[in-house]
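Let me begin by presenting the structure, written as structure tokens, before commenting on it.
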Amino acid sequence: MRYHTHIVSSLAVGTGIAAYTPVSFTIAYAAGLTLGSLLPDIDEPNSYIGRRSFGVAKQVNKAFGHRGFTHSLLAWGAITVVLLLQHFSPFTLGLCLGYAFHVLADYCSSQGVPLLWPFSKKRYRFVITYRTSSFLETLLFYCFLVLFIYFLTNGAIEDSSSIFLF
């Protein structure tokens with residue numbers, strides 16, 4: 001999935017969560033969703049985040065390859081436990097959710113993800129899949145964009161001043 005689709009899909013689902021749960025949609029939460037939606041691709045030097053990682057992506061790719069450790073439940077779980085137990089905030093909640101949404105989106109791709117890494121390198125994928133940069137991904141991008149706008153205008157933000165809470 002292309003980076004902008006990861007961002008919009010994570011923002012759409014995260015905004016939906018904020019619309020129907022006690023989670024507040026704030027700038028910090030949205031920033032966490034955005035960063036989290038990109039973070040698993042730190043294992044690909046040519047990815048949006050990889051090109052901005054000052055060489056970190058090359059080292060992660062060398063150690064684990066693309067869609068290895070960073071796309072596993074172990075990586076997501078470790079990041080979630082450490083961040084939410086050590087420093088729970090709207091930003092860290094958004095980051096952990098965005099990370100999970102990224103892995104879920106790649107799970108639905110034809111390439112799949114190694115959910116059980118390091119116990120298994122098998123790539124798991126959903127029954128119905130899409131190919132990166134395909135028409136279906138473009139369609140998904142616009143569907144998620146409409147969903148994001150819908151949730152923003154229908155309950156995700158209760159008080160316009162609350163979006164600026166950190």
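Naming scheme: A, B, ... for chains in displayed order of the structure tokens; residues 1 onward per chain; ligands 1 onward as shown.
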Excluding same-chain residues fewer than 5 positions from Arg52 in chain A, what lies within 12 Å of it counting only C-alpha atoms, as a PyMOL selection string? chain A and resi 38-39+41-42+44-47+57-58
Would you write out those residues with all heavy atoms, as a short mmCIF file (atom, residue, chain, number, x, y, z; two decimals), in the first residue's frame?
```cif
data_model
loop_
_atom_site.label_atom_id
_atom_site.label_comp_id
_atom_site.auth_asym_id
_atom_site.auth_seq_id
_atom_site.Cartn_x
_atom_site.Cartn_y
_atom_site.Cartn_z
N LEU A 38 2.83 4.99 9.18
CA LEU A 38 4.02 4.92 8.34
C LEU A 38 5.14 4.08 8.96
O LEU A 38 5.99 3.53 8.25
CB LEU A 38 4.56 6.34 8.09
CG LEU A 38 3.63 7.29 7.36
CD1 LEU A 38 4.22 8.69 7.34
CD2 LEU A 38 3.33 6.80 5.95
N LEU A 39 5.16 3.98 10.27
CA LEU A 39 6.29 3.39 11.00
C LEU A 39 6.66 1.96 10.60
O LEU A 39 7.86 1.66 10.49
CB LEU A 39 6.04 3.48 12.51
CG LEU A 39 7.24 3.34 13.41
CD1 LEU A 39 8.34 4.32 13.04
CD2 LEU A 39 6.81 3.55 14.86
N ASP A 41 6.90 0.63 7.84
CA ASP A 41 7.71 0.65 6.62
C ASP A 41 9.10 1.23 6.84
O ASP A 41 9.82 1.49 5.88
CB ASP A 41 6.98 1.40 5.50
CG ASP A 41 5.92 0.53 4.85
OD1 ASP A 41 6.00 -0.72 4.96
OD2 ASP A 41 4.99 1.08 4.23
N ILE A 42 9.52 1.37 8.10
CA ILE A 42 10.89 1.79 8.41
C ILE A 42 11.87 0.71 7.97
O ILE A 42 13.08 0.91 7.94
CB ILE A 42 11.06 2.12 9.92
CG1 ILE A 42 12.34 2.90 10.18
CG2 ILE A 42 10.99 0.85 10.76
CD1 ILE A 42 12.34 4.30 9.65
N GLU A 44 11.97 -0.44 4.94
CA GLU A 44 12.14 -0.28 3.49
C GLU A 44 12.79 1.08 3.22
O GLU A 44 12.13 2.12 3.37
CB GLU A 44 10.80 -0.40 2.77
CG GLU A 44 10.84 -0.09 1.29
CD GLU A 44 11.91 -0.86 0.54
OE1 GLU A 44 11.93 -2.10 0.60
OE2 GLU A 44 12.77 -0.19 -0.09
N PRO A 45 14.06 1.09 2.84
CA PRO A 45 14.76 2.37 2.61
C PRO A 45 14.12 3.28 1.56
O PRO A 45 14.30 4.49 1.62
CB PRO A 45 16.16 1.94 2.16
CG PRO A 45 16.33 0.54 2.69
CD PRO A 45 14.95 -0.06 2.68
N ASN A 46 13.36 2.73 0.63
CA ASN A 46 12.73 3.54 -0.40
C ASN A 46 11.31 3.97 -0.05
O ASN A 46 10.64 4.61 -0.86
CB ASN A 46 12.73 2.79 -1.74
CG ASN A 46 14.14 2.62 -2.27
OD1 ASN A 46 14.96 3.52 -2.19
ND2 ASN A 46 14.44 1.44 -2.76
N SER A 47 10.84 3.61 1.13
CA SER A 47 9.50 4.02 1.55
C SER A 47 9.52 5.50 1.94
O SER A 47 10.58 6.11 2.10
CB SER A 47 9.04 3.19 2.76
OG SER A 47 9.81 3.51 3.91
N ALA A 57 16.50 3.04 8.16
CA ALA A 57 15.76 2.06 7.34
C ALA A 57 16.71 1.05 6.70
O ALA A 57 16.38 -0.13 6.59
CB ALA A 57 14.93 2.78 6.28
N LYS A 58 17.89 1.50 6.29
CA LYS A 58 18.85 0.58 5.68
C LYS A 58 19.29 -0.48 6.69
O LYS A 58 19.43 -1.66 6.36
CB LYS A 58 20.06 1.34 5.16
CG LYS A 58 19.79 2.12 3.90
CD LYS A 58 21.03 2.84 3.42
CE LYS A 58 20.68 3.68 2.20
NZ LYS A 58 21.82 4.47 1.74
#
```
If we count only C-alpha atoms and set the cut-off at 8 Å, which residues sit around Leu74 in chain A, ignoring sequence neighbours fewer than 3 positions away in its own chain? Please answer as a compact mmCIF listing (two decimals) with N, CA, C and O atoms, in the first residue's frame.
```
# COMPACT_ATOMS: atom_id res chain seq x y z
N PHE A 69 10.11 -8.31 10.64
CA PHE A 69 9.80 -8.02 12.04
C PHE A 69 8.83 -6.84 12.22
O PHE A 69 7.91 -6.91 13.02
N GLY A 77 2.99 -5.41 19.32
CA GLY A 77 2.75 -5.64 20.75
C GLY A 77 3.82 -5.01 21.63
O GLY A 77 3.52 -4.38 22.65
N ALA A 78 5.08 -5.15 21.24
CA ALA A 78 6.17 -4.58 22.02
C ALA A 78 6.08 -3.06 22.06
O ALA A 78 6.20 -2.44 23.13
N LEU A 115 2.72 -12.25 10.32
CA LEU A 115 2.14 -11.91 11.62
C LEU A 115 2.82 -12.61 12.79
O LEU A 115 2.95 -12.04 13.86
N LEU A 116 3.26 -13.85 12.58
CA LEU A 116 3.81 -14.64 13.70
C LEU A 116 5.34 -14.66 13.74
O LEU A 116 5.93 -15.49 14.42
N TRP A 117 5.97 -13.72 13.02
CA TRP A 117 7.42 -13.62 13.06
C TRP A 117 7.86 -13.43 14.51
O TRP A 117 7.20 -12.70 15.23
```
Can you tell me, as a ChimeraX atom specification, which residues in chain A count as strand (DSSP E or B) by DSSP? /A:109,113,124,130
Can you tell me, as a PyMOL selection string, what residues are no more than 8 Å from range 141-145 of chain A when counting only C-alpha atoms, ignoring any on the same chain fewer than 6 positions away? chain A and resi 4-5+8-9+12
Selection near range 33-35 of chain A, 9 Å with only C-alpha atoms, sequence-local residues under 5 positions removed, as a VMD selection string: chain A and resid 6 to 8 10 to 11 14 28 49 91 to 99 101
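Coordinates place CA of Asn61 in chain A at a distance of 23.1 Å from CA of Leu83 in chain A.
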What gap, in Å, lies between CA of Ser24 in chain A and CA of Thr80 in chain A? 18.5 Å
Report, in Å with one decimal, the straight-line distance from CA of Thr70 in chain A to CA of Pro40 in chain A. 5.0 Å
Pull the alpha helix (DSSP H) assignments for range 49-85 of chain A out of DSSP run on the backbone, and list those residues as an MDAnalysis selection string. chainID A and resid 56:64 73:85
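Between Thr15 in chain A and the candidates A:Arg131, A:Asp43, A:Ala31, A:Arg2, the tightest atom-to-atom separation, counting only C-alpha atoms, involves A:Ala31.
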Non-local contacts of Gly68 in chain A (8 Å; only C-alpha atoms; under 2 positions in same chain excluded) as a list in words: Asp43, Phe64, Gly65, His66, Thr70, His71, Ser72, Val113, Pro114, Trp117 and Lys121 of chain A
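Residue nearest Ile79 in chain A within the list A:Leu104, A:Ser53, A:Gly112, A:Gly36: A:Gly36 [criterion: smallest interatomic distance, only C-alpha atoms].
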